[in-house]
$ cat start-v1.txt   # compact mmCIF, C-alpha atoms
# COMPACT_ATOMS: atom_id res chain seq x y z
CA MET T 1 -32.51 -21.97 -9.70
CA ALA T 2 -31.94 -22.93 -13.24
CA ARG T 3 -28.83 -24.96 -13.74
CA SER T 4 -25.83 -22.69 -14.16
CA ILE T 5 -23.58 -25.15 -15.97
CA THR T 6 -23.70 -26.32 -19.56
CA MET T 7 -21.08 -28.87 -20.46
CA LYS T 8 -20.45 -31.05 -23.45
CA ALA T 9 -17.70 -33.39 -24.52
CA ILE T 10 -16.81 -33.97 -28.15
CA GLN T 11 -15.07 -37.21 -29.05
CA GLY T 12 -11.90 -36.76 -31.02
CA ALA T 13 -8.86 -38.85 -31.79
CA GLY T 14 -7.57 -40.36 -28.55
CA GLY T 15 -9.76 -38.40 -26.19
CA VAL T 16 -12.44 -35.81 -25.74
CA GLU T 17 -12.61 -32.07 -25.91
CA VAL T 18 -14.61 -30.71 -23.02
CA ARG T 19 -16.44 -27.39 -23.33
CA ALA T 20 -18.10 -25.88 -20.31
CA LEU T 21 -20.08 -22.70 -19.91
CA ILE T 22 -21.13 -21.32 -16.53
CA ASN T 23 -23.73 -18.63 -15.99
CA HIS T 24 -22.21 -16.26 -13.47
CA PRO T 25 -21.89 -12.44 -13.23
CA MET T 26 -18.16 -12.58 -12.27
CA SER T 27 -18.46 -8.99 -11.06
CA ILE T 28 -15.55 -7.01 -9.67
CA GLY T 29 -15.80 -5.01 -6.46
CA LYS T 30 -17.04 -1.51 -7.23
CA LEU T 31 -18.95 1.49 -5.98
CA ASP T 32 -22.64 1.48 -6.73
CA LYS T 33 -23.30 4.48 -8.97
CA ILE T 34 -26.60 5.39 -7.33
CA SER T 35 -26.16 4.63 -3.64
CA GLY T 36 -22.39 5.13 -3.48
CA ASN T 37 -22.02 1.96 -1.42
CA TYR T 38 -19.22 -0.45 -2.10
CA VAL T 39 -20.45 -3.65 -3.67
CA GLU T 40 -18.23 -6.63 -2.93
CA ALA T 41 -16.83 -8.56 -5.84
CA HIS T 42 -18.91 -11.61 -6.72
CA TYR T 43 -17.02 -14.17 -8.73
CA ILE T 44 -16.22 -17.85 -8.94
CA GLU T 45 -13.11 -18.57 -6.90
CA ASP T 46 -12.75 -22.20 -7.47
CA VAL T 47 -13.75 -24.64 -10.16
CA VAL T 48 -13.04 -28.37 -10.28
CA VAL T 49 -13.65 -30.82 -13.12
CA SER T 50 -13.51 -34.49 -12.18
CA LEU T 51 -13.40 -37.56 -14.38
CA ASN T 52 -15.01 -40.53 -12.63
CA GLY T 53 -14.56 -38.76 -9.31
CA LYS T 54 -10.88 -37.90 -9.78
CA PRO T 55 -10.12 -34.19 -10.15
CA ILE T 56 -8.43 -33.56 -13.49
CA VAL T 57 -8.66 -29.79 -13.74
CA GLN T 58 -8.57 -27.59 -10.65
CA GLY T 59 -8.93 -23.91 -11.37
CA ASN T 60 -8.48 -20.87 -9.18
CA TRP T 61 -10.07 -17.80 -10.64
CA SER T 62 -9.91 -14.12 -9.84
CA SER T 63 -12.53 -11.63 -10.97
CA GLY T 64 -10.45 -11.26 -14.15
CA VAL T 65 -12.24 -14.21 -15.72
CA ALA T 66 -14.97 -12.89 -18.00
CA ARG T 67 -18.68 -12.93 -17.15
CA ASN T 68 -20.36 -16.27 -17.93
CA PRO T 69 -17.06 -18.14 -17.89
CA TYR T 70 -16.13 -20.51 -20.67
CA LEU T 71 -13.56 -23.24 -20.28
CA SER T 72 -12.36 -25.79 -22.76
CA PHE T 73 -9.68 -28.45 -22.49
CA ARG T 74 -8.84 -31.89 -23.87
CA VAL T 75 -8.61 -35.15 -21.97
CA ARG T 76 -6.64 -38.10 -23.30
CA GLY T 77 -8.06 -41.57 -22.96
CA ALA T 78 -11.54 -40.60 -21.77
CA MET T 79 -14.01 -43.34 -22.77
CA PRO T 80 -17.74 -43.42 -23.44
CA GLY T 81 -19.48 -44.09 -20.14
CA ASP T 82 -16.99 -42.02 -18.16
CA LYS T 83 -18.54 -39.46 -15.89
CA LEU T 84 -17.45 -35.87 -16.05
CA ARG T 85 -18.45 -33.51 -13.26
CA LEU T 86 -17.90 -29.78 -12.97
CA THR T 87 -18.29 -28.01 -9.63
CA TRP T 88 -17.84 -24.33 -8.89
CA ARG T 89 -17.91 -22.24 -5.73
CA ASP T 90 -18.07 -18.45 -5.68
CA SER T 91 -16.95 -15.70 -3.34
CA ARG T 92 -20.37 -15.61 -1.64
CA GLY T 93 -20.23 -19.32 -0.88
CA ALA T 94 -22.75 -20.32 -3.54
CA SER T 95 -21.92 -23.37 -5.61
CA ASP T 96 -23.27 -25.61 -8.30
CA SER T 97 -22.33 -28.90 -9.83
CA HIS T 98 -23.29 -30.75 -12.98
CA GLU T 99 -22.39 -34.20 -14.27
CA ILE T 100 -22.48 -35.60 -17.79
CA THR T 101 -21.81 -39.11 -19.05
CA LEU T 102 -19.55 -39.33 -22.06
CA THR T 103 -21.14 -40.92 -25.09
CA MET N 1 -31.03 -34.57 26.36
CA PRO N 2 -28.36 -32.68 28.26
CA ILE N 3 -24.96 -33.02 26.69
CA SER N 4 -21.90 -33.36 28.89
CA ARG N 5 -19.09 -30.89 28.50
CA ARG N 6 -16.71 -33.71 27.54
CA ALA N 7 -19.04 -35.00 24.84
CA PHE N 8 -19.48 -31.51 23.51
CA VAL N 9 -15.72 -30.93 23.29
CA ARG N 10 -15.23 -34.28 21.57
CA ALA N 11 -18.02 -33.59 19.08
CA SER N 12 -16.73 -30.16 18.21
CA LEU N 13 -13.17 -31.45 17.76
CA THR N 14 -14.41 -34.23 15.47
CA SER N 15 -16.41 -31.86 13.32
CA ALA N 16 -13.46 -29.44 13.15
CA VAL N 17 -11.19 -32.25 11.93
CA LEU N 18 -13.75 -33.55 9.43
CA GLY N 19 -14.40 -30.01 8.24
CA GLY N 20 -10.69 -29.64 7.57
CA VAL N 21 -10.62 -32.81 5.50
CA ALA N 22 -13.65 -31.74 3.52
CA ALA N 23 -12.03 -28.39 2.80
CA GLN N 24 -9.00 -30.15 1.36
CA THR N 25 -11.00 -32.20 -1.10
CA THR N 26 -12.21 -29.05 -2.77
CA ASN N 27 -9.82 -26.53 -4.15
CA ALA N 28 -8.62 -23.60 -2.07
CA ALA N 29 -9.31 -20.18 -3.56
CA PHE N 30 -6.60 -17.66 -4.32
CA SER N 31 -4.95 -16.31 -1.21
CA LYS N 32 -5.22 -12.66 -0.25
CA GLN N 33 -1.58 -12.12 -1.25
CA VAL N 34 -2.31 -13.23 -4.82
CA LEU N 35 -5.42 -11.06 -5.16
CA GLU N 36 -3.71 -8.05 -3.60
CA ALA N 37 -0.53 -8.38 -5.62
CA ARG N 38 -0.45 -5.39 -7.95
CA SER N 39 2.63 -6.35 -9.94
CA MET N 40 3.22 -9.38 -12.10
CA ASP N 41 6.28 -10.45 -10.11
CA ALA N 42 4.50 -10.21 -6.77
CA ALA N 43 1.53 -12.19 -8.12
CA ILE N 44 3.77 -14.88 -9.58
CA SER N 45 5.73 -15.33 -6.39
CA ALA N 46 2.57 -15.34 -4.25
CA ALA N 47 0.70 -17.81 -6.44
CA LEU N 48 3.41 -19.99 -7.93
CA GLY N 49 6.29 -19.46 -5.56
CA GLY N 50 8.49 -17.90 -8.21
CA GLY N 51 11.11 -20.31 -9.43
CA ASN N 52 12.94 -20.55 -12.72
CA LEU N 53 11.06 -18.42 -15.20
CA THR N 54 12.07 -18.78 -18.83
CA ASP N 55 10.51 -17.48 -22.02
CA SER N 56 9.53 -20.46 -24.05
CA ALA N 57 8.67 -20.99 -27.69
CA ASP N 58 6.86 -24.19 -26.70
CA VAL N 59 3.95 -22.22 -25.24
CA ALA N 60 1.57 -20.50 -27.61
CA VAL N 61 -0.94 -17.88 -26.47
CA THR N 62 -3.69 -17.12 -28.95
CA THR N 63 -5.91 -14.06 -28.61
CA PRO N 64 -7.36 -11.57 -31.04
CA ASP N 65 -4.83 -8.80 -31.85
CA GLN N 66 -7.44 -6.22 -31.05
CA ALA N 67 -10.44 -6.46 -28.75
CA GLU N 68 -13.41 -4.10 -29.17
CA THR N 69 -14.09 -4.37 -25.47
CA GLY N 70 -12.01 -5.82 -22.69
CA ASP N 71 -15.09 -7.41 -21.12
CA VAL N 72 -14.73 -10.69 -22.93
CA VAL N 73 -11.46 -11.59 -24.61
CA PRO N 74 -11.06 -15.17 -25.80
CA VAL N 75 -7.70 -16.68 -24.95
CA SER N 76 -6.31 -20.09 -25.69
CA ILE N 77 -3.06 -21.62 -24.59
CA ALA N 78 -1.42 -24.55 -26.28
CA THR N 79 1.82 -26.18 -25.30
CA SER N 80 3.76 -29.25 -26.30
CA LEU N 81 5.69 -29.37 -23.03
CA PRO N 82 5.66 -32.68 -21.19
CA ARG N 83 4.37 -33.30 -17.66
CA ILE N 84 2.35 -30.12 -17.25
CA GLU N 85 1.47 -29.38 -13.66
CA SER N 86 -0.30 -26.09 -14.07
CA ILE N 87 -1.21 -23.40 -16.56
CA SER N 88 -1.63 -19.84 -15.33
CA LEU N 89 -3.09 -16.87 -17.13
CA MET N 90 -2.17 -13.29 -16.33
CA ALA N 91 -2.79 -9.84 -17.76
CA ASP N 92 -0.02 -7.39 -16.94
CA LYS N 93 -2.14 -4.22 -16.79
CA ASN N 94 -5.13 -5.63 -14.91
CA PRO N 95 -5.69 -4.36 -11.36
CA VAL N 96 -5.45 -8.00 -10.30
CA PRO N 97 -2.84 -9.39 -12.70
CA MET N 98 -3.43 -13.03 -11.83
CA VAL N 99 -6.51 -14.14 -13.75
CA ALA N 100 -6.57 -17.89 -13.35
CA ILE N 101 -4.48 -20.89 -12.44
CA TYR N 102 -5.41 -24.36 -13.62
CA ARG N 103 -3.76 -27.42 -12.12
CA LEU N 104 -3.97 -30.27 -14.57
CA ALA N 105 -3.90 -34.02 -14.13
CA PRO N 106 -1.51 -35.96 -16.42
CA GLU N 107 -4.33 -37.06 -18.74
CA VAL N 108 -5.22 -33.50 -19.64
CA GLU N 109 -3.47 -32.25 -22.77
CA GLY N 110 -1.53 -29.00 -22.91
CA PHE N 111 -4.46 -26.99 -24.18
CA LEU N 112 -6.87 -24.58 -22.51
CA ALA N 113 -9.34 -22.09 -23.88
CA THR N 114 -11.23 -19.52 -21.84
CA ARG N 115 -12.38 -15.90 -21.84
CA ILE N 116 -10.94 -13.18 -19.68
CA LYS N 117 -11.35 -9.47 -18.91
CA LEU N 118 -8.69 -6.93 -19.81
CA ALA N 119 -8.66 -3.50 -18.19
CA GLU N 120 -6.66 -1.94 -21.01
CA SER N 121 -4.28 -2.81 -23.81
CA CYS N 122 -1.77 -5.19 -22.32
CA ASN N 123 0.13 -8.41 -22.63
CA VAL N 124 -1.69 -11.62 -21.88
CA VAL N 125 0.86 -13.88 -20.25
CA ALA N 126 0.67 -17.64 -19.95
CA LEU N 127 2.85 -19.49 -17.48
CA VAL N 128 3.16 -23.23 -17.82
CA ARG N 129 4.76 -25.23 -15.06
CA SER N 130 6.29 -28.35 -16.50
CA ASP N 131 8.94 -30.50 -14.83
CA GLY N 132 9.08 -27.94 -12.02
CA LYS N 133 10.08 -25.08 -14.32
CA LEU N 134 7.95 -22.11 -15.30
CA HIS N 135 7.70 -21.42 -19.01
CA ARG N 136 6.36 -18.08 -20.12
CA ALA N 137 4.79 -16.81 -23.31
CA SER N 138 2.87 -13.63 -23.93
CA LYS N 139 0.69 -11.99 -26.51
CA ALA N 140 -0.06 -8.27 -26.86
CA VAL N 141 -3.73 -7.34 -27.14
CA SER N 142 -4.94 -3.86 -27.91
CA VAL N 143 -8.18 -3.06 -26.13
CA VAL N 144 -10.49 -0.31 -27.37
CA ILE N 145 -12.78 -0.13 -24.30
CA GLY N 146 -11.50 -1.50 -20.99
CA GLY N 147 -13.27 -4.39 -19.31
CA CYS N 148 -13.13 -3.35 -15.68
CA GLY N 149 -16.05 -1.48 -14.23
CA SER N 150 -18.09 -1.63 -17.38
CA ASP N 151 -20.27 -4.33 -15.85
CA ALA N 152 -21.68 -1.62 -13.56
CA GLU N 153 -24.33 -0.78 -16.14
CA GLU N 154 -25.51 -4.36 -16.29
CA VAL N 155 -26.82 -4.81 -12.79
$ encode --input "start-v1.txt" --output "structure tokens"
Amino acid sequence: MARSITMKAIQGAGGVEVRALINHPMSIGKLDKISGNYVEAHYIEDVVVSLNGKPIVQGNWSSGVARNPYLSFRVRGAMPGDKLRLTWRDSRGASDSHEITLT
Amino acid sequence: MPISRRAFVRASLTSAVLGGVAAQTTNAAFSKQVLEARSMDAAISAALGGGNLTDSADVAVTTPDQAETGDVVPVSIATSLPRIESISLMADKNPVPMVAIYRLAPEVEGFLATRIKLAESCNVVALVRSDGKLHRASKAVSVVIGGCGSDAEEV
């Protein structure tokens, strides 16, 4: 599977701005229009961003987060060489993780 | 190799305990109560335990005034409050009002940007927990086409 996470960190004064984009349908539970069967919601429930292994942002999501979720935040005191890792897990138990090194 | 009953019990207990520890290192998902809460108040008390809720001018919610479609609505939250523990995002007319909760470490600034779905025109509400208190700010968004169910055509 192609990597689902794109993440970059932009150095600013006193820290970095992190921007992450995840490819995910984030679908709500609904009836299938053709078959009439109920299709369970499929969305990311849990997302964690760690800096050098320490969780700094822990997110709980409902299906109200838009498709292909985008998340941006700023971290004070992050230095070049620091490792930033984003991990997500969805309601079907699938997960993905991606690490970048700050430059 | 046959495995004794005792060894089997010990092994399963160990893996149960280790499994529990592993589960704690990741982040638990929203509980059923939060996802089934249909009102703002019920969702807040299920997810954040209620507490002192005050409207605050120190929290700014930025969204477009009008969204063509509720599928993707950019939202950003900025706050100057000290010692932020969590930032929550809600939409008062969504079937599931609680959209997201972010727990932040002290080195993360009081700023978050993301994109959410809105079922219809509503208020986007941000709740910031700082020093144990909940600070609330909201922003009205008018939505032309709702964002719930419209992903049916995609799949």
$ closest_atom_pairs --input "start-v1.txt" --of "chain T" --to "chain N" --cutoff "10 Å" --atoms "all atoms listed in the file" --output "CSV"
residue,atom,partner,partner_atom,distance
T:Gly15,CA,N:Glu107,CA,9.3
T:Val16,CA,N:Val108,CA,9.7
T:Glu17,CA,N:Glu109,CA,9.7
T:Val18,CA,N:Leu112,CA,9.9
T:Arg19,CA,N:Ala113,CA,8.9
T:Ala20,CA,N:Thr114,CA,9.5
T:Leu21,CA,N:Thr114,CA,9.6
T:Pro25,CA,N:Asp151,CA,8.7
T:Met26,CA,N:Asp151,CA,9.2
T:Ser27,CA,N:Asp151,CA,6.9
T:Ile28,CA,N:Gly149,CA,7.2
T:Gly29,CA,N:Gly149,CA,8.5
T:Lys30,CA,N:Gly149,CA,7.1
T:Leu31,CA,N:Ala152,CA,8.6
T:Asp32,CA,N:Ala152,CA,7.6
T:Lys33,CA,N:Ala152,CA,7.8
T:Ile44,CA,N:Ala29,CA,9.1
T:Glu45,CA,N:Ala29,CA,5.3
T:Asp46,CA,N:Ala29,CA,5.6
T:Val47,CA,N:Asn27,CA,7.4
T:Val48,CA,N:Asn27,CA,7.2
T:Val49,CA,N:Leu104,CA,9.8
T:Ser50,CA,N:Ala105,CA,9.8
T:Lys54,CA,N:Ala105,CA,9.1
T:Pro55,CA,N:Ala105,CA,7.4
T:Ile56,CA,N:Ala105,CA,4.6
T:Val57,CA,N:Leu104,CA,4.8
T:Gln58,CA,N:Arg103,CA,5.0
T:Gly59,CA,N:Tyr102,CA,4.2
T:Asn60,CA,N:Ile101,CA,5.2
T:Trp61,CA,N:Ala100,CA,4.4
T:Ser62,CA,N:Val99,CA,5.2
T:Ser63,CA,N:Val99,CA,7.1
T:Gly64,CA,N:Val99,CA,4.9
T:Val65,CA,N:Ile116,CA,4.3
T:Ala66,CA,N:Ile116,CA,4.4
T:Arg67,CA,N:Val72,CA,7.4
T:Asn68,CA,N:Arg115,CA,8.9
T:Pro69,CA,N:Arg115,CA,6.5
T:Tyr70,CA,N:Thr114,CA,5.1
T:Leu71,CA,N:Thr114,CA,4.7
T:Ser72,CA,N:Ala113,CA,4.9
T:Phe73,CA,N:Leu112,CA,4.8
T:Arg74,CA,N:Glu109,CA,5.5
T:Val75,CA,N:Val108,CA,4.4
T:Arg76,CA,N:Glu107,CA,5.2
T:Gly77,CA,N:Glu107,CA,7.2
T:Ala78,CA,N:Glu107,CA,8.6
T:Thr87,CA,N:Thr26,CA,9.2
T:Trp88,CA,N:Thr26,CA,9.6
T:Arg89,CA,N:Ala29,CA,9.1
T:Asp90,CA,N:Ala29,CA,9.2
T:Ser91,CA,N:Ala29,CA,8.9
$ atom_distance --input "start-v1.txt" --atom1 "atom CA of N:Thr79" --atom2 "atom CA of N:Ala60"
6.1 Å
$ atom_distance --input "start-v1.txt" --atom1 "atom CA of N:Pro82" --atom2 "atom CA of N:Asp131"
7.5 Å
$ atom_distance --input "start-v1.txt" --atom1 "atom CA of T:Ala9" --atom2 "atom CA of T:Glu99"
11.3 Å
$ closest_residue --input "start-v1.txt" --among "N:Ser45, N:Ser39, N:Asn52, N:Thr62" --to "N:Arg129" --atoms "all atoms listed in the file"
N:Asn52
